[in-house]
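Working notes, structure below.
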Amino acid sequence: VVINYIAKYYGGAQHKAEVDQGAGKQFTIGSKQVIQGWEECLTADKMSLGSTVKIKMPYRLCYGYHVDLPLEQDMLFEIELLQINGKKAIIHPYKELKVITLRPGDNTTFPQKRDYVVIHYDGFFHGGPKHKQKFDSSRDRDKPFGFKIGTKSVIAGWDEGILQLSKNSKAKLQIPASMAYKDKPSP
């Protein structure tokens with residue numbers, strides 16, 4: 001199988017802090033090349049080709065993980081199943097901007113064009129050899145990003161998508177290439 005994954009601590013002082021991520025991790029199920037928890041997840045008939053799951057995993061299933069973990073540290077893994085025995089998942093490009101609200105804001109204070117907004121963001125590739133790899137993050141720098149919205153100082157997907165969000169909301173923006181970097185590499 002081939003997977004992409006993101007690993008985070010679950011519980012403890014660093015709850016949900018990212019520990020590790022990988023793209024295109026290839027291994028044979030049953031060969032003990034990965035931790036027991038991944039083996040159990042992939043053989044439990046809960047995943048299908050192209051699907052992504054989030055799994056809270058007790059520390060006892062994480063023994064042998066290639067990153068040193070605090071004693072008895074539970075983990076949270078996001079695993080995307082890309083390939084099984086040579087059969088690959090088809091990843092379709094985004095055709096239009098889609099705003100998926102993860103946490104609603106105050107539903108009254110929306111930005112207007114030319115307002116100065118301050119956001120935190122994580123940027124991930126969609127499709128291609130770097131699918132789901134993070135390419136930029138204000139959170140990783142612990143520094144929010146501010147800009148005037150609607151002035152073409154950022155990608156069009158942000159200019160349009162963020163206008164739909166109220167103060168203190170959290171959302172996932174699925175941005176087509178035509179509203180992002182087009183054929184140019186990301187910053």
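Here's how to read the names in the structure tokens: chain A, B, ... by the order shown, residue numbers from 1 in each chain, ligand numbers from 1 in the order shown.
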Leaving out segment 23-30 of chain A and any residue of its chain fewer than 4 positions from it, which residues lie within 7 Å of it when counting only C-alpha atoms, given as a compact mmCIF listing (two decimals) with C-alpha atoms, in the first residue's frame?
```txt
# COMPACT_ATOMS: atom_id res chain seq x y z
CA VAL A 1 0.00 0.00 0.00
CA VAL A 2 0.96 3.67 -0.34
CA ILE A 3 -0.28 6.32 2.10
CA ASN A 4 0.09 9.96 3.05
CA TYR A 5 -0.04 10.67 6.76
CA GLU A 39 -1.57 -2.34 10.26
CA LYS A 130 3.17 16.38 -3.26
CA GLN A 133 2.06 17.98 1.81
```
Neighbouring residues of segment 41-52 of chain A were defined as those with any atom within 6 Å, considering only C-alpha atoms; residues of the same chain fewer than 2 positions away were excluded. Please report them as a list in words.
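Neighbouring residues, sequence-local ones excluded: Trp38, Glu39, Ile79, Glu80, Leu81, Leu82 and Ala89 of chain A.
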Write the residues of the preceding selection, restricted to all heavy atoms, as a tab-separated table (two decimals), in the first residue's frame.
```tsv
chain	number	residue	atom	x	y	z
A	38	TRP	N	-1.15	1.15	12.55
A	38	TRP	CA	-1.40	1.37	11.12
A	38	TRP	C	-1.85	0.07	10.47
A	38	TRP	O	-2.77	0.06	9.66
A	38	TRP	CB	-0.15	1.89	10.42
A	38	TRP	CG	0.15	3.33	10.68
A	38	TRP	CD1	-0.43	4.15	11.61
A	38	TRP	CD2	1.13	4.11	10.02
A	38	TRP	NE1	0.14	5.39	11.57
A	38	TRP	CE2	1.10	5.39	10.59
A	38	TRP	CE3	2.05	3.85	9.02
A	38	TRP	CZ2	1.94	6.41	10.18
A	38	TRP	CZ3	2.88	4.87	8.60
A	38	TRP	CH2	2.82	6.14	9.17
A	39	GLU	N	-1.20	-1.03	10.81
A	39	GLU	CA	-1.57	-2.34	10.26
A	39	GLU	C	-3.04	-2.64	10.57
A	39	GLU	O	-3.79	-3.03	9.69
A	39	GLU	CB	-0.68	-3.45	10.85
A	39	GLU	CG	0.76	-3.37	10.44
A	39	GLU	CD	1.09	-4.23	9.25
A	39	GLU	OE1	0.23	-5.00	8.79
A	39	GLU	OE2	2.24	-4.13	8.77
A	79	ILE	N	-4.62	9.47	7.98
A	79	ILE	CA	-4.04	8.59	6.96
A	79	ILE	C	-4.91	8.63	5.71
A	79	ILE	O	-6.12	8.46	5.79
A	79	ILE	CB	-3.95	7.14	7.49
A	79	ILE	CG1	-3.04	7.09	8.72
A	79	ILE	CG2	-3.43	6.21	6.40
A	79	ILE	CD1	-3.00	5.74	9.40
A	80	GLU	N	-4.26	8.86	4.58
A	80	GLU	CA	-4.94	8.83	3.28
A	80	GLU	C	-4.40	7.64	2.50
A	80	GLU	O	-3.20	7.51	2.30
A	80	GLU	CB	-4.69	10.12	2.51
A	80	GLU	CG	-5.33	10.12	1.14
A	80	GLU	CD	-4.99	11.34	0.32
A	80	GLU	OE1	-3.93	11.96	0.57
A	80	GLU	OE2	-5.76	11.66	-0.58
A	81	LEU	N	-5.29	6.76	2.07
A	81	LEU	CA	-4.91	5.56	1.32
A	81	LEU	C	-4.84	5.88	-0.17
A	81	LEU	O	-5.87	6.11	-0.82
A	81	LEU	CB	-5.91	4.44	1.60
A	81	LEU	CG	-5.63	3.08	0.99
A	81	LEU	CD1	-4.25	2.56	1.38
A	81	LEU	CD2	-6.71	2.09	1.41
A	82	LEU	N	-3.62	5.89	-0.72
A	82	LEU	CA	-3.40	6.30	-2.11
A	82	LEU	C	-3.33	5.14	-3.09
A	82	LEU	O	-3.68	5.30	-4.27
A	82	LEU	CB	-2.09	7.09	-2.23
A	82	LEU	CG	-1.99	8.39	-1.45
A	82	LEU	CD1	-0.60	8.96	-1.58
A	82	LEU	CD2	-3.03	9.38	-1.95
A	89	ALA	N	-5.38	5.70	-6.31
A	89	ALA	CA	-6.55	6.56	-6.13
A	89	ALA	C	-6.48	7.69	-7.16
A	89	ALA	O	-5.40	8.19	-7.47
A	89	ALA	CB	-6.59	7.14	-4.73
```
Excluding segment 148-156 of chain A and its own-chain neighbours fewer than 2 positions away, which residues fall within 12 Å of it when counting only C-alpha atoms? Please give them as a ChimeraX atom specification.
/A:96-97,110-119,123,145-146,158-165,173-182,184,186-187
Please produce a file of those selected residues containing N, CA and C atoms, as an mmCIF file, in the first residue's frame.
```cif
data_model
loop_
_atom_site.group_PDB
_atom_site.id
_atom_site.type_symbol
_atom_site.label_atom_id
_atom_site.label_comp_id
_atom_site.auth_asym_id
_atom_site.auth_seq_id
_atom_site.Cartn_x
_atom_site.Cartn_y
_atom_site.Cartn_z
ATOM 1 N N GLU A 96 -13.953 24.509 -8.537
ATOM 2 C CA GLU A 96 -14.414 25.830 -8.098
ATOM 3 C C GLU A 96 -14.055 26.003 -6.629
ATOM 4 N N LEU A 97 -14.080 27.242 -6.181
ATOM 5 C CA LEU A 97 -13.790 27.533 -4.789
ATOM 6 C C LEU A 97 -14.887 26.944 -3.897
ATOM 7 N N PHE A 110 -18.408 40.307 9.210
ATOM 8 C CA PHE A 110 -17.785 39.786 7.995
ATOM 9 C C PHE A 110 -16.885 40.858 7.410
ATOM 10 N N PRO A 111 -15.736 40.493 6.854
ATOM 11 C CA PRO A 111 -14.867 41.510 6.243
ATOM 12 C C PRO A 111 -15.484 42.069 4.969
ATOM 13 N N GLN A 112 -15.160 43.298 4.704
ATOM 14 C CA GLN A 112 -15.545 43.964 3.459
ATOM 15 C C GLN A 112 -14.273 44.198 2.650
ATOM 16 N N LYS A 113 -14.422 44.356 1.337
ATOM 17 C CA LYS A 113 -13.252 44.630 0.507
ATOM 18 C C LYS A 113 -12.492 45.831 1.058
ATOM 19 N N ARG A 114 -11.166 45.690 1.064
ATOM 20 C CA ARG A 114 -10.203 46.678 1.549
ATOM 21 C C ARG A 114 -10.049 46.677 3.080
ATOM 22 N N ASP A 115 -10.797 45.833 3.803
ATOM 23 C CA ASP A 115 -10.565 45.675 5.245
ATOM 24 C C ASP A 115 -9.239 44.952 5.454
ATOM 25 N N TYR A 116 -8.586 45.267 6.549
ATOM 26 C CA TYR A 116 -7.362 44.566 6.929
ATOM 27 C C TYR A 116 -7.771 43.368 7.782
ATOM 28 N N VAL A 117 -7.432 42.165 7.338
ATOM 29 C CA VAL A 117 -7.764 40.948 8.082
ATOM 30 C C VAL A 117 -6.479 40.280 8.551
ATOM 31 N N VAL A 118 -6.590 39.562 9.655
ATOM 32 C CA VAL A 118 -5.465 38.817 10.204
ATOM 33 C C VAL A 118 -5.919 37.363 10.355
ATOM 34 N N ILE A 119 -5.137 36.445 9.789
ATOM 35 C CA ILE A 119 -5.521 35.034 9.793
ATOM 36 C C ILE A 119 -4.331 34.148 10.174
ATOM 37 N N GLY A 123 -1.106 25.828 4.427
ATOM 38 C CA GLY A 123 -1.274 25.593 2.996
ATOM 39 C C GLY A 123 -0.800 24.202 2.618
ATOM 40 N N PHE A 145 -0.913 36.090 9.778
ATOM 41 C CA PHE A 145 -0.665 36.809 8.532
ATOM 42 C C PHE A 145 -1.761 37.846 8.332
ATOM 43 N N GLY A 146 -1.392 39.077 8.057
ATOM 44 C CA GLY A 146 -2.366 40.148 7.836
ATOM 45 C C GLY A 146 -2.252 40.732 6.435
ATOM 46 N N TRP A 158 -8.241 33.213 -1.643
ATOM 47 C CA TRP A 158 -8.319 33.847 -0.316
ATOM 48 C C TRP A 158 -9.205 35.084 -0.381
ATOM 49 N N ASP A 159 -8.984 35.920 -1.399
ATOM 50 C CA ASP A 159 -9.784 37.153 -1.524
ATOM 51 C C ASP A 159 -11.276 36.847 -1.529
ATOM 52 N N GLU A 160 -11.687 35.814 -2.243
ATOM 53 C CA GLU A 160 -13.112 35.466 -2.311
ATOM 54 C C GLU A 160 -13.570 34.628 -1.118
ATOM 55 N N GLY A 161 -12.767 33.653 -0.732
ATOM 56 C CA GLY A 161 -13.175 32.728 0.328
ATOM 57 C C GLY A 161 -13.255 33.370 1.701
ATOM 58 N N ILE A 162 -12.283 34.189 2.039
ATOM 59 C CA ILE A 162 -12.250 34.798 3.370
ATOM 60 C C ILE A 162 -13.366 35.824 3.532
ATOM 61 N N LEU A 163 -13.814 36.419 2.438
ATOM 62 C CA LEU A 163 -14.952 37.344 2.526
ATOM 63 C C LEU A 163 -16.221 36.642 3.035
ATOM 64 N N GLN A 164 -16.270 35.322 2.906
ATOM 65 C CA GLN A 164 -17.446 34.553 3.335
ATOM 66 C C GLN A 164 -17.384 34.136 4.801
ATOM 67 N N LEU A 165 -16.285 34.457 5.479
ATOM 68 C CA LEU A 165 -16.087 34.011 6.863
ATOM 69 C C LEU A 165 -16.311 35.148 7.845
ATOM 70 N N LEU A 173 -10.498 26.008 2.879
ATOM 71 C CA LEU A 173 -10.766 26.539 1.548
ATOM 72 C C LEU A 173 -10.193 25.567 0.524
ATOM 73 N N GLN A 174 -11.047 25.026 -0.319
ATOM 74 C CA GLN A 174 -10.593 24.180 -1.425
ATOM 75 C C GLN A 174 -10.518 25.093 -2.636
ATOM 76 N N ILE A 175 -9.306 25.390 -3.061
ATOM 77 C CA ILE A 175 -9.072 26.434 -4.055
ATOM 78 C C ILE A 175 -8.562 25.813 -5.359
ATOM 79 N N PRO A 176 -9.274 26.033 -6.471
ATOM 80 C CA PRO A 176 -8.780 25.517 -7.755
ATOM 81 C C PRO A 176 -7.518 26.270 -8.178
ATOM 82 N N ALA A 177 -6.710 25.630 -9.001
ATOM 83 C CA ALA A 177 -5.454 26.238 -9.458
ATOM 84 C C ALA A 177 -5.682 27.609 -10.088
ATOM 85 N N SER A 178 -6.792 27.785 -10.797
ATOM 86 C CA SER A 178 -7.070 29.062 -11.461
ATOM 87 C C SER A 178 -7.246 30.210 -10.476
ATOM 88 N N MET A 179 -7.531 29.891 -9.205
ATOM 89 C CA MET A 179 -7.691 30.923 -8.169
ATOM 90 C C MET A 179 -6.530 30.895 -7.178
ATOM 91 N N ALA A 180 -5.495 30.111 -7.509
ATOM 92 C CA ALA A 180 -4.336 30.011 -6.616
ATOM 93 C C ALA A 180 -3.099 30.457 -7.379
ATOM 94 N N TYR A 181 -2.181 29.555 -7.590
ATOM 95 C CA TYR A 181 -0.918 29.905 -8.223
ATOM 96 C C TYR A 181 -0.873 29.512 -9.693
ATOM 97 N N LYS A 182 -1.991 29.024 -10.203
ATOM 98 C CA LYS A 182 -2.106 28.574 -11.590
ATOM 99 C C LYS A 182 -0.985 27.574 -11.891
ATOM 100 N N LYS A 184 2.220 28.363 -11.662
ATOM 101 C CA LYS A 184 3.423 28.791 -10.954
ATOM 102 C C LYS A 184 3.587 27.953 -9.693
ATOM 103 N N SER A 186 4.085 27.214 -5.737
ATOM 104 C CA SER A 186 3.611 27.940 -4.558
ATOM 105 C C SER A 186 4.753 28.746 -3.973
ATOM 106 N N PRO A 187 4.433 29.741 -3.124
ATOM 107 C CA PRO A 187 5.504 30.610 -2.599
ATOM 108 C C PRO A 187 6.494 29.849 -1.742
#
```
So what do you get for atom CA of Met57 of chain A versus atom CA of Ile6 of chain A, distance-wise?
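Taking atom CA of Met57 of chain A as the start and atom CA of Ile6 of chain A as the end point, the length is 12.8 Å.
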Residues flagged alpha helix (DSSP H) by DSSP in chain A, as a list in words:
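So, restricting chain A to alpha helix (DSSP H), we get Gln36, Gly37, Trp38, Glu39, Glu40, Cys41, Leu42, Ser138, Arg139, Asp140, Arg141, Ala156, Gly157, Trp158, Asp159, Glu160 and Gly161 of chain A.
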Can you tell me, as an MDAnalysis selection string, what residues are no more than 7 Å from Lys54 of chain A when counting only C-alpha atoms, ignoring any on the same chain fewer than 4 positions away?
chainID A and resid 76:79
Within 10 Å of Gly11 of chain A, counting only C-alpha atoms, which residues qualify if same-chain residues fewer than 6 places away don't, as a short mmCIF file (atom, residue, chain, number, x, y, z; two decimals) with N, CA and C atoms, in the first residue's frame?
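Final file, part_19.cif:
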```cif
data_model
loop_
_atom_site.label_atom_id
_atom_site.label_comp_id
_atom_site.auth_asym_id
_atom_site.auth_seq_id
_atom_site.Cartn_x
_atom_site.Cartn_y
_atom_site.Cartn_z
N ALA A 17 -0.13 18.80 18.72
CA ALA A 17 1.05 19.36 18.06
C ALA A 17 1.52 18.35 17.01
N GLN A 73 2.61 8.04 25.31
CA GLN A 73 1.98 9.13 24.56
C GLN A 73 1.04 8.56 23.50
N ASP A 74 -0.26 8.86 23.61
CA ASP A 74 -1.22 8.50 22.57
C ASP A 74 -0.99 9.40 21.37
N MET A 75 -1.46 8.96 20.20
CA MET A 75 -1.22 9.70 18.97
C MET A 75 -2.52 9.87 18.19
N LEU A 76 -2.53 10.87 17.32
CA LEU A 76 -3.63 11.09 16.37
C LEU A 76 -3.00 11.05 14.98
#
```
Smallest atom-to-atom distance to His15 of chain A: which of A:Lys170, A:Gly157, A:Lys56, A:Phe125, using only C-alpha atoms?
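The shortest atom-to-atom distance to His15 of chain A comes from A:Lys56.
Summary of the local environment: counting only C-alpha atoms, residues at most 7 Å from Gly127 of chain A, other than itself and those fewer than 3 positions away along its chain, are Ile91, Pro93, Lys130 and His131 of chain A.
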Report the residues of segment 33-100 of chain A whose backbone DSSP state falls under strand (DSSP E), written as number ranges by chain.
A: 52-57, 74-84, 87-88, 98-100
Could you tell me how far atom CA of Lys88 of chain A lies from atom CA of Tyr121 of chain A, in Å and to one decimal?
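Calculated distance between atom CA of Lys88 of chain A and atom CA of Tyr121 of chain A is 29.5 Å.
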By how many Å are atom CA of Ser166 of chain A and atom CA of Asp122 of chain A apart?
18.5 Å
